[in-house]
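Data block below; observations after.
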Amino acid sequence: MLTATAAIAEEGQHTFSSGYRFVEMSGEELYNNVCRACHMLDAKGATGAGTYPSLAANPNLESPGYPVTMVIHGRRAMPPFGDMMNDAQIAAVVNYLRTHFGNNYTDAVTAQDVSDARH
Amino acid sequence: MQDEAAVLRRRDLLSLIGAMAGSAAMYHAMTSLGFASESRYRGPIRLEGNPKGASVLILGAGLAGMTAALELRNAGYQVQVLEFNGRAGGRNWTLRGGDSFTELGGATQTCEFEPGLYINPGPWRIPYHHRALLDYCRRLNVALEPFIQLNHNAYLHASRAFGGAPQRIRAVKADFQGHLSELLAKATQQGRLDEAVTKEDQEILLQALRSWGALDRNYNYSAGLFSSAYRGYASAPGGGLTAMPVPSDPVALSDILKSQLWRYLQNFASYNFQTTMFQPVGGMDMIGKAFAKELGDVIRTNARVTKIQQNDRCVTVTFVDTQKPAIVQTATADWCICTIPLTILSQLPLDVSPATKAAIDAVPYADAVKIGLQFKRRFWEEDNAIYGGISYTDLPIRQIAYPNTGYNRTGRGVLLGAYLFDGANAYEFSAMQPAARVARAVEFGSEIHPQYQSEFENGVAVAWHRVPFTLGCRATGRRMRASSITPISARSTAASCSPASTPPSCRPGRRARSCRRWMRSGGCMSAWCKHEALLHHRTDRFARVDCDRCYC
């Protein structure tokens with residue numbers, strides 16, 4: 001068992017929000033503090049009785065509307081985060097995903113795109 | 001689509017039920033283990049049908065599945081239960097020393113608690129009005145003991161108020177009540193309530209406020225022996241030379257308001273948390289174990305369902321043994337009751353209508369994290385005189401819950417060092433590795449109990465989104481599409497009635513209203529009807545999700 005200090009050190013900097021909504025703003029931090037809970041550090045997901053899909057090199061991310069909608073509304077095992085993140089946060093995390101983990105989609109999503117997708 | 005119910009096949013209906021029982025089961029195992037509320041439970045279910053050897057396949061050996069199995073078997077059905085885990089119980093689960101748990105992502109924790117100490121990662125308390133569950137505990141000889149929801153001597157803690165010092169619940173409650181009483185007394189005396197309260201009643205009201213709020217003879221909430229008799233003393237009455245009590249100073253109303261400590265008082269007021277609450281002696285899983293013992297080899301563990309198909313005659317479920325996943329097996333029965341969580345059911349090939357499929361896909365599951373911490377000694381009792389109950393804080397850990405058993409013993413003890421749900425922190429903790437979750441719980445908890453620093457030994461942390469058999473903690477009503485779900489319940493009632501006992505009010509097409517009425521009639525017949533309470537709660541609790549989430 002890691003000592004408490006070592007475990008925290010290994011985890012690195014970690015932000016804790018103070019309310020229902022996330023305070024993390026960058027795509028990387030949002031991924032590491034939120035998405036990683038299910039999709040894991042390497043974004044390859046995990047399988048038990050059901051599966052959290054891999055987001056690594058995932059062709060479903062090609063169309064930005066798909067991940068934006070999933071983050072806002074959720075579906076199946078994916079919880080909705082539309083109430084917990086604002087438009088800029090959702091854009092940031094989607095853009096991070098679409099340009100990391102073997103994904104290379106450079107057409108960035110804007111906060112306005114997210115706002116439009118909410119309705 | 002408008003007449004979909006009319007053309008549904010019976011097994012279609014059953015699948016619908018299954019979906020509902022599944023989510024309801026999930027909902028309950030984590031939330032409350034509430035099989036029924038007081039107004040609805042009418043005692044053990046009496047099956048009046050004639051099974052004639054009919055078979056029922058039940059998916060999931062949580063409490064919902066095992067309740068169905070128990071009642072149906074007793075009614076003469078041939079019952080088989082398929083369970084994903086290597087144990088029965090589902091979220092009815094306890095971790096003890098030596099237990100090992102591997103979460104999604106691969107991290108394995110082995111609990112290092114001393115023998116006799118435990119943590120319930122899932123449900124942990126049973127309200128007195130969950131009559132059905134209490135009845136099953138009685139029938140299955142599960143011993144209960146009190147669960148302390150309100151301990152006046154536990155803490156309320158606001159990290160940015162009172163210099164970070166935790167306040168005793170007793171004092172905050174008395175002060176809040178006292179200040180409100182004083183305000184109301186002043187308003188009364190100034191004639192501001194004349195329109196609302198008669199003169200005669202005002203006299204009584206003033207008396208009541210003095211008594212309820214501990215006001216002095218001038219109707220002020222002030223420092224003195226009377227208010228101290230409610231909020232506690234600076235020096236309590238004793239014997240000998242120091243026998244005389246010394247009054248304590250109330251906290252100002254403004255400080256309570258600004259600190260937000262008043263937010264926690266609802267945890268002691270709401271119906272779901274009122275005394276008496278219970279816990280099984282020895283751990284929550286004593287209930288699941290009792291069911292499993294009763295059912296014996298009816299339950300097949302390590303069975304992962306991969307497909308559910310149905311036709312007009314039977315239901316066929318495909319599954320693999322998790323130990324030998326290469327070998328695909330099938331089980332067939334006349335009927336099927338499915339309690340598989342919607343997070344998982346939504347990913348399975350399933351013969352249901354598009355509308356039902358959409359409903360199954362649309363129900364999100366909330367996150368929750370529980371962390372158990374073992375300490376060298378029960379310092380909360382020895383140093384702080386806190387025997388059971390819960391301290392609440394605005395720190396990310398949210399709660400510290402003290403063991404409601406083994407009081408006043410020397411030696412080690414285990415606390416619930418964090419219970420996070422429904423909010424950003426739950427995800428932030430889930431995203432960490434288990435050892436870091438434990439370390440953070442120790443770090444935050446030290447702000448309330450500095451003894452953590454020297455007394456902590458080891459801990460376990462369960463993040464429900466990483467639990468392989470649920471992929472989340474419970475169905476949540478947030479953003480739930482009631483319009484898609486309600487018809488399921490209505491149909492499920494229709495489907496669940498045996499021909500002999502179908503009351504006229506539960507024809508397909510009638511909505512939740514008739515469903516509720518029928519549920520209440522309690523004359524249900526077939527398998528998952530034994531889930532009447534679960535099904536009922538499902539519809540009923542949509543509207544009350546905000547309070548449900550709190551008492552898991």
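Going through the structure tokens in order, the chains are called A, B, and so on, while each chain numbers its residues from 1 and the ligands are numbered from 1 in the order shown.
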
Original post:
When the cut-off is 6 Å and we count only C-alpha atoms, which residues of chain A are near chain B, given as JSON, numbers by chain?
Top reply: {"A": [4, 7, 8, 20, 21, 22, 33, 34, 36, 37, 46, 48, 49, 50, 75, 76, 77, 79]}

Subject >> Polymer residues at most 9 Å from stretch 58-67 of chain A, only C-alpha atoms, same-chain spacing of 5 or more positions, as an MDAnalysis selection string >> reply: chainID A and resid 72 94:95 97:98 101:105 107:109 113:114 117

Using the selection just defined, write its residues with C-alpha atoms as a CSV table (one decimal), in the first residue's frame.
chain,number,residue,atom,x,y,z
A,72,ILE,CA,-24.2,17.2,-23.0
A,94,VAL,CA,-14.1,17.6,-26.8
A,95,ASN,CA,-11.3,19.4,-28.5
A,97,LEU,CA,-10.2,14.3,-26.9
A,98,ARG,CA,-10.3,14.9,-30.7
A,101,PHE,CA,-5.1,9.5,-27.7
A,102,GLY,CA,-4.4,8.8,-31.3
A,103,ASN,CA,-7.2,11.1,-32.6
A,104,ASN,CA,-6.1,13.9,-34.9
A,105,TYR,CA,-9.2,15.9,-35.8
A,107,ASP,CA,-11.4,21.2,-36.7
A,108,ALA,CA,-12.0,22.7,-33.2
A,109,VAL,CA,-15.4,22.9,-31.6
A,113,ASP,CA,-21.2,24.9,-31.3
A,114,VAL,CA,-21.9,23.5,-27.9
A,117,ALA,CA,-26.2,21.5,-29.6

**OP:** Take atom CA of B:Asn311 and atom CA of B:Thr356 and report the distance between them in Å, one decimal.
**Re:**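 These two atoms are separated by 16.6 Å.
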
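Atom to atom, atom CA of A:Leu30 and atom CA of A:Gln112 stand 18.8 Å apart.
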
**OP:** Might you pull out every residue within 10 Å of A:Val23, with only C-alpha atoms counted and same-chain residues fewer than 5 positions away left off, and present them as a count of residues only?
**Re:** 11

Original post:
If you run DSSP on the backbone, which residues of chain A are alpha helix (DSSP H), as a ChimeraX atom specification?
Top reply: /A:4-11,27-30,36-39,65-73,87-98,111-118

**OP:** For stretch 205-210 of chain B, work out the shell of residues within 10 Å, counting only C-alpha atoms and skipping chain neighbours fewer than 3 positions away, then give it as number ranges by chain.
**Re:** B: 177-178, 180-186, 188-189, 197-202, 213-221, 226

**OP:** Determine, counting only C-alpha atoms, which protein, DNA and RNA residues have an atom within 9 Å of an atom of B:Ile448; residues of the same chain fewer than 6 positions away are not included. Present the result as a list in words.
**Re:** Tyr155, His157, Gly164, Ala165, Pro166 and Thr393 of chain B

Could the residues in this selection be written to a file with N, CA and C atoms, as an mmCIF file, in the first residue's frame?
data_model
loop_
_atom_site.group_PDB
_atom_site.id
_atom_site.type_symbol
_atom_site.label_atom_id
_atom_site.label_comp_id
_atom_site.auth_asym_id
_atom_site.auth_seq_id
_atom_site.Cartn_x
_atom_site.Cartn_y
_atom_site.Cartn_z
ATOM 1 N N TYR B 155 -20.452 16.489 14.237
ATOM 2 C CA TYR B 155 -20.114 17.842 13.787
ATOM 3 C C TYR B 155 -20.825 18.273 12.508
ATOM 4 N N HIS B 157 -19.512 21.048 9.674
ATOM 5 C CA HIS B 157 -18.236 21.709 9.398
ATOM 6 C C HIS B 157 -18.300 22.531 8.121
ATOM 7 N N GLY B 164 -12.600 27.402 10.566
ATOM 8 C CA GLY B 164 -12.445 26.006 10.161
ATOM 9 C C GLY B 164 -12.788 25.015 11.258
ATOM 10 N N ALA B 165 -13.175 25.522 12.440
ATOM 11 C CA ALA B 165 -13.478 24.621 13.558
ATOM 12 C C ALA B 165 -14.856 23.981 13.368
ATOM 13 N N PRO B 166 -14.932 22.666 13.503
ATOM 14 C CA PRO B 166 -16.235 22.016 13.383
ATOM 15 C C PRO B 166 -17.148 22.397 14.548
ATOM 16 N N THR B 393 -19.754 17.941 6.153
ATOM 17 C CA THR B 393 -18.781 18.986 5.858
ATOM 18 C C THR B 393 -18.935 19.461 4.419
#

Subject >> Neighbour list for B:Gly224 as a ChimeraX atom specification, cut-off 12 Å, only C-alpha atoms, skip fewer than 6 positions in-chain >> reply: /B:214-217,230-235,245-250

Could you save the residues just selected, with C-alpha atoms, as a CSV table (one decimal), in the first residue's frame?
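After the write, result28.csv holds the following:
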chain,number,residue,atom,x,y,z
B,214,ALA,CA,-35.1,28.0,24.6
B,215,LEU,CA,-35.9,31.7,24.8
B,216,ASP,CA,-35.4,33.7,28.0
B,217,ARG,CA,-38.2,35.5,29.9
B,230,TYR,CA,-30.3,22.8,24.6
B,231,ARG,CA,-27.0,23.7,23.0
B,232,GLY,CA,-24.7,22.4,25.6
B,233,TYR,CA,-22.6,24.1,28.3
B,234,ALA,CA,-19.2,25.8,28.5
B,235,SER,CA,-18.9,23.6,31.6
B,245,PRO,CA,-22.7,24.5,35.2
B,246,VAL,CA,-21.3,27.4,33.2
B,247,PRO,CA,-23.4,28.5,30.3
B,248,SER,CA,-22.1,28.6,26.7
B,249,ASP,CA,-22.4,31.4,24.2
B,250,PRO,CA,-24.8,30.9,21.3

**OP:** For B:Ala69, please output as a PyMOL selection string all residues within 10 Å (counting only C-alpha atoms; exclusion window: fewer than 4 positions along the same chain).
**Re:** chain B and resi 56-59+61+63-65+73-75+77-81+291-292+295+298-299+337+527-528+530

With N, CA and C atoms retained, write the just-selected residues as an mmCIF file, in the first residue's frame.
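Full text of out25.cif as output:
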data_model
loop_
_atom_site.group_PDB
_atom_site.id
_atom_site.type_symbol
_atom_site.label_atom_id
_atom_site.label_comp_id
_atom_site.auth_asym_id
_atom_site.auth_seq_id
_atom_site.Cartn_x
_atom_site.Cartn_y
_atom_site.Cartn_z
ATOM 1 N N VAL B 56 -39.020 -19.663 -14.738
ATOM 2 C CA VAL B 56 -38.671 -18.246 -14.749
ATOM 3 C C VAL B 56 -37.161 -18.110 -14.618
ATOM 4 N N LEU B 57 -36.598 -17.353 -15.535
ATOM 5 C CA LEU B 57 -35.168 -17.070 -15.490
ATOM 6 C C LEU B 57 -34.997 -15.652 -14.968
ATOM 7 N N ILE B 58 -34.191 -15.516 -13.941
ATOM 8 C CA ILE B 58 -34.001 -14.200 -13.327
ATOM 9 C C ILE B 58 -32.563 -13.758 -13.564
ATOM 10 N N LEU B 59 -32.416 -12.548 -14.052
ATOM 11 C CA LEU B 59 -31.084 -12.035 -14.369
ATOM 12 C C LEU B 59 -30.654 -11.057 -13.285
ATOM 13 N N ALA B 61 -28.594 -11.377 -9.218
ATOM 14 C CA ALA B 61 -28.880 -11.864 -7.867
ATOM 15 C C ALA B 61 -28.651 -10.767 -6.842
ATOM 16 N N LEU B 63 -30.839 -7.865 -4.498
ATOM 17 C CA LEU B 63 -32.020 -8.111 -3.672
ATOM 18 C C LEU B 63 -33.293 -8.210 -4.506
ATOM 19 N N ALA B 64 -33.379 -7.449 -5.594
ATOM 20 C CA ALA B 64 -34.575 -7.528 -6.438
ATOM 21 C C ALA B 64 -34.693 -8.910 -7.056
ATOM 22 N N GLY B 65 -33.615 -9.374 -7.643
ATOM 23 C CA GLY B 65 -33.636 -10.683 -8.286
ATOM 24 C C GLY B 65 -33.884 -11.794 -7.286
ATOM 25 N N ARG B 73 -40.194 -19.186 -6.441
ATOM 26 C CA ARG B 73 -39.896 -20.577 -6.115
ATOM 27 C C ARG B 73 -40.895 -21.096 -5.090
ATOM 28 N N ASN B 74 -41.160 -20.278 -4.097
ATOM 29 C CA ASN B 74 -42.119 -20.699 -3.081
ATOM 30 C C ASN B 74 -43.506 -20.908 -3.671
ATOM 31 N N ALA B 75 -43.783 -20.239 -4.780
ATOM 32 C CA ALA B 75 -45.093 -20.365 -5.410
ATOM 33 C C ALA B 75 -45.148 -21.532 -6.390
ATOM 34 N N TYR B 77 -42.910 -22.092 -9.050
ATOM 35 C CA TYR B 77 -42.245 -21.930 -10.352
ATOM 36 C C TYR B 77 -40.862 -22.573 -10.305
ATOM 37 N N GLN B 78 -40.395 -22.968 -11.482
ATOM 38 C CA GLN B 78 -39.009 -23.407 -11.586
ATOM 39 C C GLN B 78 -38.163 -22.158 -11.819
ATOM 40 N N VAL B 79 -37.249 -21.918 -10.915
ATOM 41 C CA VAL B 79 -36.525 -20.653 -10.927
ATOM 42 C C VAL B 79 -35.029 -20.876 -11.111
ATOM 43 N N GLN B 80 -34.436 -20.068 -11.960
ATOM 44 C CA GLN B 80 -32.977 -20.041 -12.044
ATOM 45 C C GLN B 80 -32.517 -18.589 -12.088
ATOM 46 N N VAL B 81 -31.425 -18.300 -11.388
ATOM 47 C CA VAL B 81 -30.895 -16.939 -11.351
ATOM 48 C C VAL B 81 -29.485 -16.933 -11.946
ATOM 49 N N PHE B 291 -30.589 -14.166 1.851
ATOM 50 C CA PHE B 291 -31.358 -14.535 0.658
ATOM 51 C C PHE B 291 -30.657 -15.672 -0.090
ATOM 52 N N ALA B 292 -29.358 -15.507 -0.287
ATOM 53 C CA ALA B 292 -28.601 -16.485 -1.075
ATOM 54 C C ALA B 292 -28.610 -17.854 -0.406
ATOM 55 N N LEU B 295 -31.853 -19.468 -1.068
ATOM 56 C CA LEU B 295 -32.060 -19.879 -2.457
ATOM 57 C C LEU B 295 -31.135 -21.012 -2.885
ATOM 58 N N VAL B 298 -30.037 -22.360 -6.682
ATOM 59 C CA VAL B 298 -30.851 -21.682 -7.687
ATOM 60 C C VAL B 298 -30.034 -20.581 -8.376
ATOM 61 N N ILE B 299 -29.057 -20.041 -7.644
ATOM 62 C CA ILE B 299 -28.243 -18.944 -8.171
ATOM 63 C C ILE B 299 -26.980 -19.495 -8.826
ATOM 64 N N ILE B 337 -37.180 -12.414 -15.759
ATOM 65 C CA ILE B 337 -37.156 -11.174 -14.985
ATOM 66 C C ILE B 337 -35.739 -10.646 -15.021
ATOM 67 N N ALA B 527 -44.096 -13.337 -11.215
ATOM 68 C CA ALA B 527 -42.750 -13.196 -10.731
ATOM 69 C C ALA B 527 -42.358 -11.809 -10.341
ATOM 70 N N TRP B 528 -42.171 -11.053 -11.290
ATOM 71 C CA TRP B 528 -41.629 -9.741 -11.052
ATOM 72 C C TRP B 528 -42.686 -8.899 -10.424
ATOM 73 N N LYS B 530 -43.765 -9.699 -7.846
ATOM 74 C CA LYS B 530 -43.251 -9.728 -6.499
ATOM 75 C C LYS B 530 -42.445 -8.472 -6.301
#

Original post:
Restricting the calculation to only C-alpha atoms, which member of B:Cys336, B:Val328, B:Val251, B:Met286 is positioned closest to B:Thr316?
Top reply: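 Smallest distance to B:Thr316 is found for B:Cys336.
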
Original post:
Closest to A:Gly82 among A:Met70, A:Met40, A:Tyr96, A:Pro53, using only C-alpha atoms?
Top reply: A:Met70

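Between A:Ile90 and the residues A:Thr51, A:Asp42, A:His119, A:Met25, the shortest atom-to-atom distance, using only C-alpha atoms, involves A:Met25.
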